[in-house]
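The block underneath contains the structure these notes are about, expressed in structure tokens.
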Amino acid sequence: MNHQRVLVLDFGGQYNQLIARRVRDLGVYCDLKPCDMTAEAIRAYAPIGIIFTGGPNSVYEEGAPRVGEEVLRLGIPVLGICYGAQLIAATLGGAVGRAPKSEYGKCTLHIKNEAPMSEGIPSESVCWMSHTDYISAVPAGYEVLAATDDCPVAVYGNIGEKIYGIQFHPEVVHSEYGNAFLKNFLYRVCGARGDWTMAGFAEEQIAAIRARVGTGRVICAMSGGVDSAVAATLVHRAVGDRLTCVFVDNGLLRKNEAEEVMSVFRDGLGMDLVKADAADLFLDALRGVSDPEKKRHIIGKLFIDVFEREAKKIGAADFLVQGTIYPDVIESGKGKSAVIKSHHNVGGLPEKVNFQGIVEPLRDLFKDEVRRVGLALGLPERVVWRQPCPGPALAIRIMGEVTREKLETLREADFIFRDEIAKAGLEREIWQYFAVLTDSKTVGVQGDFRTYENVIALRAITSVDAMTADWARIPFEVLEKVSTRITNEVKHANRVVYDITSKPPATIEWE
Ligand code: XMP
């Protein structure tokens, strides 16, 4: 590993992975590590710079996480963000206390003094704050570089020591020059060369997988989605035909999906890919079940059973590959966040099937980064740009009980929607788009007859990482075509509605 790297020390803030990904976006490799890493371990890691993240504590509280002063004396540039900025100030003899006025959200940042950190930043800009404590006095030798109306020390630092603190959150998009501050830190303060790319990430992962797996055998549950495709491709590059992929056809997939997966990965990429036909099993188990979480659990459990059965047929495997990406990890309540939905691809398998280890090469990445890795690996565009489909697939897009007839209706409606989006050239602009079969029936008129049929809802969103989303402003003409085609071509559908809710408060999927 000969590229430069930055160490992000995690003090428990909400946006820590986002900080890491911003650093990667700026072309510098970085790792997120627990905040109790010793000065010695840090020196051995040899980063070009260290970032202390935000966190929920107050530095003056007993038991609040701290770092020894020796970390700040290593001669390695340091940037503290939010709690991290307060921690540096408190450690070096500055003053931190409860702010007379907390700041949440957008504030105006005024530059007070020039420094490499603030180069190219206009004298006034918008920054995004979220704090109740503040720095009331900077340590000796440090100067205030920027302030807001209610925060006298919004950015401060010591040019010679190359240590800086930023009270606001430069990593969130609402901070207008947040990225510019981070870039200044990396390039002007730490001397970054920007030598890290997705191709570099891929190479490193392939080497790491090869070293870890050795001569072992690997299996992978392939869903056809970009995450498992990229994860499997990395492993395939590393160990070749010692990888076997299993594709479980649960009967809940979109139109033509199973055929496409087989043709792209087995025929196109030459992977050893086995298809398990399990539609009857899944549909029988789902009979009479309408609770969304129950559906997810049934599907998750059956998926494991089927996979286990296939794995036994293949023979002993030492490692399991999973296409887990970072939003899966937090949304499933690993770490401290609440469980919103149980994404079945995170837990389950490892406990059930006995492997020596799990290979999750994409665990720290966001979806758009995974796509970039996929492109760097030379995967076909249609794989890389395939829109995400949840593991439980159409079962959580059919409100209420899942039946074969409803699946047929939804599949056709969804196919039409996808077809029209493609024809309108909107596939890349819209992050995810699909049809939902609601559990409402409404009255309609077709020919001279009264109908009483299902309402199809269309959901289309724009997003960067699926953690937040906005509804896509699809041109009315496109919506009109979709609506006309669905009501004309799809059996048992007589009305189409468009979902105009963002996430939050809604989620992307309806269940
Ligand atoms: P929500 O509905 O939680 O969806 O806003 C966020 C993203 O995750 C996908 N999703 C899933 N993916 N297994 C998955 O692999 C699941 O159980 C699951 N549930 C939702 C969803 O399609 C969206 O892209």
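We label chains A, B, ... in the order they appear in the structure tokens, count residues from 1 in each chain, and number ligands from 1 in the order shown.
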Where in region 51-277 of chain A does DSSP assign alpha helix (DSSP H), given as an mmCIF file with N, CA, C and O atoms, in the first residue's frame?
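What landed in part_8.cif:
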```
data_model
loop_
_atom_site.group_PDB
_atom_site.id
_atom_site.type_symbol
_atom_site.label_atom_id
_atom_site.label_comp_id
_atom_site.auth_asym_id
_atom_site.auth_seq_id
_atom_site.Cartn_x
_atom_site.Cartn_y
_atom_site.Cartn_z
ATOM 1 N N GLU A 69 -2.600 14.368 24.762
ATOM 2 C CA GLU A 69 -1.954 15.515 24.106
ATOM 3 C C GLU A 69 -0.878 15.032 23.135
ATOM 4 O O GLU A 69 -0.596 15.685 22.132
ATOM 5 N N GLU A 70 -0.301 13.845 23.448
ATOM 6 C CA GLU A 70 0.799 13.348 22.595
ATOM 7 C C GLU A 70 0.340 13.128 21.147
ATOM 8 O O GLU A 70 1.139 13.237 20.222
ATOM 9 N N VAL A 71 -0.956 12.848 20.973
ATOM 10 C CA VAL A 71 -1.455 12.675 19.593
ATOM 11 C C VAL A 71 -1.330 13.994 18.830
ATOM 12 O O VAL A 71 -1.033 14.021 17.632
ATOM 13 N N LEU A 72 -1.524 15.085 19.551
ATOM 14 C CA LEU A 72 -1.426 16.403 18.913
ATOM 15 C C LEU A 72 0.028 16.859 18.766
ATOM 16 O O LEU A 72 0.300 17.901 18.174
ATOM 17 N N TYR A 83 -17.331 18.206 17.826
ATOM 18 C CA TYR A 83 -16.755 17.731 19.094
ATOM 19 C C TYR A 83 -15.232 17.669 18.986
ATOM 20 O O TYR A 83 -14.517 18.031 19.924
ATOM 21 N N GLY A 84 -14.759 17.231 17.844
ATOM 22 C CA GLY A 84 -13.314 17.115 17.625
ATOM 23 C C GLY A 84 -12.611 18.459 17.780
ATOM 24 O O GLY A 84 -11.507 18.540 18.340
ATOM 25 N N ALA A 85 -13.256 19.527 17.297
ATOM 26 C CA ALA A 85 -12.681 20.871 17.399
ATOM 27 C C ALA A 85 -12.645 21.293 18.868
ATOM 28 O O ALA A 85 -11.664 21.883 19.346
ATOM 29 N N GLN A 86 -13.717 20.975 19.592
ATOM 30 C CA GLN A 86 -13.783 21.337 21.014
ATOM 31 C C GLN A 86 -12.744 20.549 21.806
ATOM 32 O O GLN A 86 -12.118 21.068 22.727
ATOM 33 N N LEU A 87 -12.573 19.295 21.407
ATOM 34 C CA LEU A 87 -11.623 18.444 22.108
ATOM 35 C C LEU A 87 -10.192 18.973 21.965
ATOM 36 O O LEU A 87 -9.429 19.017 22.940
ATOM 37 N N ILE A 88 -9.845 19.389 20.763
ATOM 38 C CA ILE A 88 -8.493 19.937 20.560
ATOM 39 C C ILE A 88 -8.314 21.177 21.436
ATOM 40 O O ILE A 88 -7.316 21.324 22.147
ATOM 41 N N ALA A 89 -9.326 22.051 21.414
ATOM 42 C CA ALA A 89 -9.236 23.288 22.198
ATOM 43 C C ALA A 89 -9.067 22.950 23.677
ATOM 44 O O ALA A 89 -8.179 23.483 24.353
ATOM 45 N N ALA A 90 -9.910 22.049 24.194
ATOM 46 C CA ALA A 90 -9.859 21.709 25.617
ATOM 47 C C ALA A 90 -8.520 21.048 25.982
ATOM 48 O O ALA A 90 -7.940 21.340 27.025
ATOM 49 N N THR A 91 -8.027 20.185 25.094
ATOM 50 C CA THR A 91 -6.769 19.472 25.385
ATOM 51 C C THR A 91 -5.572 20.418 25.455
ATOM 52 O O THR A 91 -4.654 20.218 26.229
ATOM 53 N N GLY A 178 -17.939 23.717 2.621
ATOM 54 C CA GLY A 178 -17.466 22.626 3.479
ATOM 55 C C GLY A 178 -16.410 21.795 2.778
ATOM 56 O O GLY A 178 -15.337 21.510 3.323
ATOM 57 N N ASN A 179 -16.705 21.431 1.548
ATOM 58 C CA ASN A 179 -15.774 20.613 0.795
ATOM 59 C C ASN A 179 -14.463 21.364 0.517
ATOM 60 O O ASN A 179 -13.396 20.773 0.519
ATOM 61 N N ALA A 180 -14.595 22.683 0.314
ATOM 62 C CA ALA A 180 -13.397 23.486 0.061
ATOM 63 C C ALA A 180 -12.506 23.505 1.305
ATOM 64 O O ALA A 180 -11.269 23.430 1.198
ATOM 65 N N PHE A 181 -13.110 23.581 2.498
ATOM 66 C CA PHE A 181 -12.316 23.513 3.732
ATOM 67 C C PHE A 181 -11.598 22.164 3.830
ATOM 68 O O PHE A 181 -10.418 22.092 4.143
ATOM 69 N N LEU A 182 -12.348 21.091 3.553
ATOM 70 C CA LEU A 182 -11.743 19.753 3.642
ATOM 71 C C LEU A 182 -10.607 19.613 2.630
ATOM 72 O O LEU A 182 -9.547 19.065 2.924
ATOM 73 N N LYS A 183 -10.851 20.153 1.448
ATOM 74 C CA LYS A 183 -9.829 20.082 0.395
ATOM 75 C C LYS A 183 -8.582 20.869 0.812
ATOM 76 O O LYS A 183 -7.455 20.406 0.639
ATOM 77 N N MET A 198 -10.890 4.875 -7.433
ATOM 78 C CA MET A 198 -11.679 3.661 -7.267
ATOM 79 C C MET A 198 -10.952 2.449 -7.840
ATOM 80 O O MET A 198 -11.111 1.343 -7.341
ATOM 81 N N ALA A 199 -10.158 2.681 -8.897
ATOM 82 C CA ALA A 199 -9.378 1.562 -9.426
ATOM 83 C C ALA A 199 -8.386 1.101 -8.362
ATOM 84 O O ALA A 199 -8.140 -0.097 -8.188
ATOM 85 N N GLY A 200 -7.855 2.064 -7.615
ATOM 86 C CA GLY A 200 -6.941 1.747 -6.517
ATOM 87 C C GLY A 200 -7.651 0.959 -5.429
ATOM 88 O O GLY A 200 -7.116 -0.023 -4.894
ATOM 89 N N PHE A 201 -8.855 1.385 -5.131
ATOM 90 C CA PHE A 201 -9.653 0.675 -4.120
ATOM 91 C C PHE A 201 -9.851 -0.772 -4.555
ATOM 92 O O PHE A 201 -9.665 -1.708 -3.778
ATOM 93 N N ALA A 202 -10.245 -0.929 -5.829
ATOM 94 C CA ALA A 202 -10.511 -2.276 -6.346
ATOM 95 C C ALA A 202 -9.250 -3.144 -6.232
ATOM 96 O O ALA A 202 -9.299 -4.254 -5.719
ATOM 97 N N GLU A 203 -8.135 -2.601 -6.669
ATOM 98 C CA GLU A 203 -6.872 -3.360 -6.622
ATOM 99 C C GLU A 203 -6.535 -3.789 -5.205
ATOM 100 O O GLU A 203 -6.140 -4.927 -4.951
ATOM 101 N N GLU A 204 -6.723 -2.830 -4.288
ATOM 102 C CA GLU A 204 -6.381 -3.111 -2.901
ATOM 103 C C GLU A 204 -7.292 -4.199 -2.317
ATOM 104 O O GLU A 204 -6.843 -5.099 -1.617
ATOM 105 N N GLN A 205 -8.572 -4.089 -2.642
ATOM 106 C CA GLN A 205 -9.522 -5.086 -2.136
ATOM 107 C C GLN A 205 -9.206 -6.469 -2.714
ATOM 108 O O GLN A 205 -9.256 -7.463 -2.013
ATOM 109 N N ILE A 206 -8.893 -6.487 -4.002
ATOM 110 C CA ILE A 206 -8.588 -7.775 -4.640
ATOM 111 C C ILE A 206 -7.367 -8.417 -3.963
ATOM 112 O O ILE A 206 -7.389 -9.594 -3.606
ATOM 113 N N ALA A 207 -6.353 -7.599 -3.715
ATOM 114 C CA ALA A 207 -5.155 -8.126 -3.055
ATOM 115 C C ALA A 207 -5.489 -8.604 -1.638
ATOM 116 O O ALA A 207 -5.042 -9.674 -1.207
ATOM 117 N N ALA A 208 -6.306 -7.831 -0.933
ATOM 118 C CA ALA A 208 -6.655 -8.189 0.450
ATOM 119 C C ALA A 208 -7.478 -9.478 0.478
ATOM 120 O O ALA A 208 -7.273 -10.353 1.323
ATOM 121 N N ILE A 209 -8.399 -9.609 -0.480
ATOM 122 C CA ILE A 209 -9.243 -10.819 -0.530
ATOM 123 C C ILE A 209 -8.367 -12.036 -0.826
ATOM 124 O O ILE A 209 -8.481 -13.075 -0.195
ATOM 125 N N ARG A 210 -7.457 -11.858 -1.778
ATOM 126 C CA ARG A 210 -6.571 -12.960 -2.150
ATOM 127 C C ARG A 210 -5.747 -13.413 -0.940
ATOM 128 O O ARG A 210 -5.638 -14.596 -0.651
ATOM 129 N N ALA A 211 -5.235 -12.422 -0.204
ATOM 130 C CA ALA A 211 -4.407 -12.751 0.960
ATOM 131 C C ALA A 211 -5.254 -13.455 2.030
ATOM 132 O O ALA A 211 -4.804 -14.395 2.671
ATOM 133 N N ARG A 212 -6.486 -12.994 2.203
ATOM 134 C CA ARG A 212 -7.311 -13.544 3.273
ATOM 135 C C ARG A 212 -7.836 -14.929 2.929
ATOM 136 O O ARG A 212 -7.825 -15.835 3.760
ATOM 137 N N VAL A 213 -8.280 -15.089 1.697
ATOM 138 C CA VAL A 213 -8.909 -16.345 1.306
ATOM 139 C C VAL A 213 -7.876 -17.449 1.071
ATOM 140 O O VAL A 213 -8.154 -18.628 1.297
ATOM 141 N N VAL A 226 -26.360 -4.195 -8.070
ATOM 142 C CA VAL A 226 -24.998 -3.711 -8.261
ATOM 143 C C VAL A 226 -24.091 -4.074 -7.075
ATOM 144 O O VAL A 226 -22.918 -4.409 -7.268
ATOM 145 N N ASP A 227 -24.633 -4.087 -5.863
ATOM 146 C CA ASP A 227 -23.769 -4.352 -4.704
ATOM 147 C C ASP A 227 -23.202 -5.767 -4.737
ATOM 148 O O ASP A 227 -21.994 -5.973 -4.628
ATOM 149 N N SER A 228 -24.098 -6.750 -4.897
ATOM 150 C CA SER A 228 -23.563 -8.115 -4.887
ATOM 151 C C SER A 228 -22.752 -8.374 -6.156
ATOM 152 O O SER A 228 -21.778 -9.129 -6.130
ATOM 153 N N ALA A 229 -23.114 -7.713 -7.254
ATOM 154 C CA ALA A 229 -22.353 -7.909 -8.491
ATOM 155 C C ALA A 229 -20.926 -7.398 -8.332
ATOM 156 O O ALA A 229 -19.964 -8.071 -8.720
ATOM 157 N N VAL A 230 -20.774 -6.215 -7.747
ATOM 158 C CA VAL A 230 -19.438 -5.644 -7.590
ATOM 159 C C VAL A 230 -18.636 -6.465 -6.577
ATOM 160 O O VAL A 230 -17.465 -6.789 -6.797
ATOM 161 N N ALA A 231 -19.299 -6.834 -5.473
ATOM 162 C CA ALA A 231 -18.597 -7.635 -4.454
ATOM 163 C C ALA A 231 -18.130 -8.955 -5.070
ATOM 164 O O ALA A 231 -16.973 -9.362 -4.910
ATOM 165 N N ALA A 232 -19.035 -9.611 -5.811
ATOM 166 C CA ALA A 232 -18.675 -10.904 -6.406
ATOM 167 C C ALA A 232 -17.564 -10.734 -7.442
ATOM 168 O O ALA A 232 -16.659 -11.572 -7.531
ATOM 169 N N THR A 233 -17.615 -9.651 -8.205
ATOM 170 C CA THR A 233 -16.585 -9.451 -9.228
ATOM 171 C C THR A 233 -15.210 -9.253 -8.597
ATOM 172 O O THR A 233 -14.200 -9.781 -9.077
ATOM 173 N N LEU A 234 -15.185 -8.495 -7.491
ATOM 174 C CA LEU A 234 -13.905 -8.313 -6.792
ATOM 175 C C LEU A 234 -13.348 -9.679 -6.365
ATOM 176 O O LEU A 234 -12.165 -9.975 -6.564
ATOM 177 N N VAL A 235 -14.232 -10.498 -5.807
ATOM 178 C CA VAL A 235 -13.781 -11.807 -5.328
ATOM 179 C C VAL A 235 -13.401 -12.700 -6.510
ATOM 180 O O VAL A 235 -12.400 -13.421 -6.471
ATOM 181 N N HIS A 236 -14.183 -12.612 -7.578
ATOM 182 C CA HIS A 236 -13.899 -13.403 -8.776
ATOM 183 C C HIS A 236 -12.513 -13.057 -9.306
ATOM 184 O O HIS A 236 -11.715 -13.929 -9.658
ATOM 185 N N ARG A 237 -12.219 -11.748 -9.343
ATOM 186 C CA ARG A 237 -10.882 -11.329 -9.801
ATOM 187 C C ARG A 237 -9.797 -11.878 -8.883
ATOM 188 O O ARG A 237 -8.690 -12.170 -9.314
ATOM 189 N N ALA A 238 -10.136 -11.963 -7.589
ATOM 190 C CA ALA A 238 -9.120 -12.391 -6.625
ATOM 191 C C ALA A 238 -8.898 -13.899 -6.652
ATOM 192 O O ALA A 238 -7.767 -14.358 -6.578
ATOM 193 N N VAL A 239 -10.005 -14.664 -6.751
ATOM 194 C CA VAL A 239 -9.824 -16.121 -6.581
ATOM 195 C C VAL A 239 -10.358 -16.948 -7.752
ATOM 196 O O VAL A 239 -10.329 -18.182 -7.702
ATOM 197 N N GLU A 257 -36.149 -10.570 -14.730
ATOM 198 C CA GLU A 257 -34.944 -10.351 -13.933
ATOM 199 C C GLU A 257 -34.046 -11.584 -13.839
ATOM 200 O O GLU A 257 -32.831 -11.497 -13.992
ATOM 201 N N ALA A 258 -34.679 -12.724 -13.564
ATOM 202 C CA ALA A 258 -33.882 -13.946 -13.381
ATOM 203 C C ALA A 258 -33.082 -14.257 -14.650
ATOM 204 O O ALA A 258 -31.882 -14.555 -14.582
ATOM 205 N N GLU A 259 -33.727 -14.124 -15.792
ATOM 206 C CA GLU A 259 -33.055 -14.432 -17.067
ATOM 207 C C GLU A 259 -31.874 -13.487 -17.268
ATOM 208 O O GLU A 259 -30.790 -13.894 -17.689
ATOM 209 N N GLU A 260 -32.108 -12.201 -16.951
ATOM 210 C CA GLU A 260 -31.055 -11.202 -17.150
ATOM 211 C C GLU A 260 -29.837 -11.488 -16.289
ATOM 212 O O GLU A 260 -28.700 -11.391 -16.742
ATOM 213 N N VAL A 261 -30.112 -11.832 -15.032
ATOM 214 C CA VAL A 261 -28.999 -12.100 -14.117
ATOM 215 C C VAL A 261 -28.145 -13.245 -14.651
ATOM 216 O O VAL A 261 -26.911 -13.153 -14.708
#
```
**Asked** If you run DSSP on this backbone, which residues of region 213-441 of chain A come out as strand (DSSP E), and could you give them as number ranges by chain?
**Response** A: 218-221, 243-249, 272-277, 319-321, 357-359, 432-441
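Restricting the calculation to only C-alpha atoms, the smallest distance between Gly374 (chain A) and any of A:Gly225, A:Ala192, A:Met467, A:Ile508 is found for A:Gly225.
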**Item:** Residues near region 428-441 of chain A, cut-off 6 Å, only C-alpha atoms, skip fewer than 3 positions along chain, as a ChimeraX atom specification
**Value:** /A:387,397-399,410,414,453-463
Emit the selected residues as a tab-separated table (two decimals), in the first residue's frame, including all heavy atoms.
```
chain	number	residue	atom	x	y	z
A	387	GLN	N	-30.88	-0.21	-11.22
A	387	GLN	CA	-31.39	0.44	-10.01
A	387	GLN	C	-31.55	-0.58	-8.89
A	387	GLN	O	-31.77	-1.76	-9.15
A	387	GLN	CB	-32.69	1.16	-10.29
A	387	GLN	CG	-33.70	0.30	-10.97
A	387	GLN	CD	-35.07	0.91	-10.85
A	387	GLN	OE1	-35.39	1.57	-9.88
A	387	GLN	NE2	-35.88	0.67	-11.83
A	397	ARG	N	-43.62	-4.51	-2.25
A	397	ARG	CA	-44.23	-3.50	-3.11
A	397	ARG	C	-45.68	-3.89	-3.40
A	397	ARG	O	-46.35	-3.23	-4.19
A	397	ARG	CB	-43.43	-3.35	-4.40
A	397	ARG	CG	-42.05	-2.78	-4.11
A	397	ARG	CD	-41.19	-2.66	-5.34
A	397	ARG	NE	-39.91	-2.08	-4.97
A	397	ARG	CZ	-38.87	-1.98	-5.79
A	397	ARG	NH1	-38.98	-2.44	-7.02
A	397	ARG	NH2	-37.75	-1.44	-5.39
A	398	ILE	N	-46.10	-4.99	-2.80
A	398	ILE	CA	-47.50	-5.37	-2.85
A	398	ILE	C	-48.03	-5.16	-1.44
A	398	ILE	O	-47.55	-5.80	-0.50
A	398	ILE	CB	-47.67	-6.85	-3.26
A	398	ILE	CG1	-47.29	-7.02	-4.73
A	398	ILE	CG2	-49.09	-7.35	-2.99
A	398	ILE	CD1	-47.25	-8.46	-5.20
A	399	MET	N	-48.93	-4.22	-1.28
A	399	MET	CA	-49.44	-3.97	0.06
A	399	MET	C	-50.36	-5.14	0.43
A	399	MET	O	-51.18	-5.56	-0.37
A	399	MET	CB	-50.24	-2.67	0.13
A	399	MET	CG	-49.50	-1.42	-0.35
A	399	MET	SD	-47.98	-1.09	0.56
A	399	MET	CE	-46.75	-1.81	-0.52
A	410	LEU	N	-48.52	-6.47	-10.76
A	410	LEU	CA	-47.45	-5.52	-10.43
A	410	LEU	C	-46.28	-5.63	-11.40
A	410	LEU	O	-45.73	-4.62	-11.84
A	410	LEU	CB	-46.97	-5.76	-8.99
A	410	LEU	CG	-45.85	-4.82	-8.53
A	410	LEU	CD1	-46.27	-3.36	-8.66
A	410	LEU	CD2	-45.42	-5.11	-7.10
A	414	ASP	N	-44.96	-2.49	-13.42
A	414	ASP	CA	-43.59	-2.07	-13.15
A	414	ASP	C	-42.76	-2.09	-14.43
A	414	ASP	O	-41.95	-1.19	-14.69
A	414	ASP	CB	-42.99	-3.03	-12.10
A	414	ASP	CG	-41.61	-2.60	-11.66
A	414	ASP	OD1	-41.52	-1.54	-11.02
A	414	ASP	OD2	-40.64	-3.31	-11.97
A	453	GLU	N	-61.22	-2.02	-9.59
A	453	GLU	CA	-59.91	-2.66	-9.69
A	453	GLU	C	-58.85	-1.95	-8.84
A	453	GLU	O	-59.14	-0.98	-8.15
A	453	GLU	CB	-59.46	-2.67	-11.15
A	453	GLU	CG	-60.24	-3.62	-12.05
A	453	GLU	CD	-60.02	-5.10	-11.73
A	453	GLU	OE1	-59.30	-5.42	-10.77
A	453	GLU	OE2	-60.57	-5.94	-12.46
A	454	ASN	N	-57.63	-2.44	-8.96
A	454	ASN	CA	-56.54	-1.96	-8.10
A	454	ASN	C	-55.99	-0.60	-8.50
A	454	ASN	O	-55.97	-0.24	-9.67
A	454	ASN	CB	-55.37	-2.95	-8.19
A	454	ASN	CG	-55.77	-4.31	-7.69
A	454	ASN	OD1	-56.06	-4.48	-6.52
A	454	ASN	ND2	-55.81	-5.27	-8.60
A	455	VAL	N	-55.46	0.09	-7.49
A	455	VAL	CA	-54.73	1.34	-7.73
A	455	VAL	C	-53.24	1.01	-7.76
A	455	VAL	O	-52.71	0.39	-6.83
A	455	VAL	CB	-54.98	2.36	-6.60
A	455	VAL	CG1	-54.19	3.64	-6.86
A	455	VAL	CG2	-56.46	2.64	-6.42
A	456	ILE	N	-52.59	1.42	-8.82
A	456	ILE	CA	-51.14	1.28	-8.92
A	456	ILE	C	-50.51	2.61	-8.53
A	456	ILE	O	-50.95	3.66	-9.01
A	456	ILE	CB	-50.71	0.95	-10.37
A	456	ILE	CG1	-51.28	-0.39	-10.83
A	456	ILE	CG2	-49.20	1.02	-10.54
A	456	ILE	CD1	-50.58	-1.61	-10.27
A	457	ALA	N	-49.53	2.57	-7.66
A	457	ALA	CA	-48.80	3.80	-7.33
A	457	ALA	C	-47.44	3.75	-7.99
A	457	ALA	O	-46.82	2.68	-8.07
A	457	ALA	CB	-48.65	3.93	-5.82
A	458	LEU	N	-46.98	4.88	-8.48
A	458	LEU	CA	-45.64	4.96	-9.05
A	458	LEU	C	-44.76	5.67	-8.04
A	458	LEU	O	-45.15	6.69	-7.46
A	458	LEU	CB	-45.66	5.76	-10.36
A	458	LEU	CG	-46.61	5.27	-11.45
A	458	LEU	CD1	-46.54	6.20	-12.66
A	458	LEU	CD2	-46.25	3.84	-11.86
A	459	ARG	N	-43.58	5.13	-7.82
A	459	ARG	CA	-42.63	5.74	-6.90
A	459	ARG	C	-41.35	5.97	-7.67
A	459	ARG	O	-40.82	5.03	-8.32
A	459	ARG	CB	-42.38	4.78	-5.73
A	459	ARG	CG	-41.38	5.27	-4.68
A	459	ARG	CD	-41.96	6.34	-3.83
A	459	ARG	NE	-41.24	6.59	-2.58
A	459	ARG	CZ	-41.12	7.82	-2.09
A	459	ARG	NH1	-41.61	8.87	-2.73
A	459	ARG	NH2	-40.52	8.02	-0.93
A	460	ALA	N	-40.85	7.19	-7.66
A	460	ALA	CA	-39.58	7.47	-8.32
A	460	ALA	C	-38.86	8.51	-7.49
A	460	ALA	O	-39.44	9.52	-7.11
A	460	ALA	CB	-39.81	7.99	-9.73
A	461	ILE	N	-37.61	8.24	-7.17
A	461	ILE	CA	-36.91	9.16	-6.28
A	461	ILE	C	-35.51	9.49	-6.81
A	461	ILE	O	-34.91	8.73	-7.55
A	461	ILE	CB	-36.78	8.58	-4.85
A	461	ILE	CG1	-36.13	7.18	-4.85
A	461	ILE	CG2	-38.13	8.48	-4.15
A	461	ILE	CD1	-34.72	7.17	-4.49
A	462	THR	N	-35.03	10.65	-6.37
A	462	THR	CA	-33.64	10.98	-6.62
A	462	THR	C	-32.93	10.90	-5.27
A	462	THR	O	-33.53	11.20	-4.24
A	462	THR	CB	-33.49	12.41	-7.18
A	462	THR	OG1	-34.18	13.30	-6.30
A	462	THR	CG2	-34.08	12.53	-8.56
A	463	SER	N	-31.71	10.45	-5.29
A	463	SER	CA	-30.97	10.28	-4.04
A	463	SER	C	-29.50	10.14	-4.36
A	463	SER	O	-29.11	9.94	-5.51
A	463	SER	CB	-31.45	9.02	-3.34
A	463	SER	OG	-30.73	8.82	-2.14
```
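All residues of protein, DNA or RNA that reach within 9 Å of Gly105 (chain A), judged by only C-alpha atoms and not counting those fewer than 2 positions away in the chain, are Glu103, Cys107, Cys127, Trp128, Met129, Ser130 and His174 of chain A.
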**Asked** Within 10 Å of Tyr15 (chain A), counting only C-alpha atoms, which residues qualify if same-chain residues fewer than 5 places away don't, as JSON, numbers by chain?
**Response** {"A": [10, 20, 21, 53, 54, 55, 169, 171, 172]}
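The smallest atom-to-atom distance between Glu381 (chain A) and any of A:Phe307, A:Phe168, A:Gly323, A:Glu427, using only C-alpha atoms, is found for A:Glu427.
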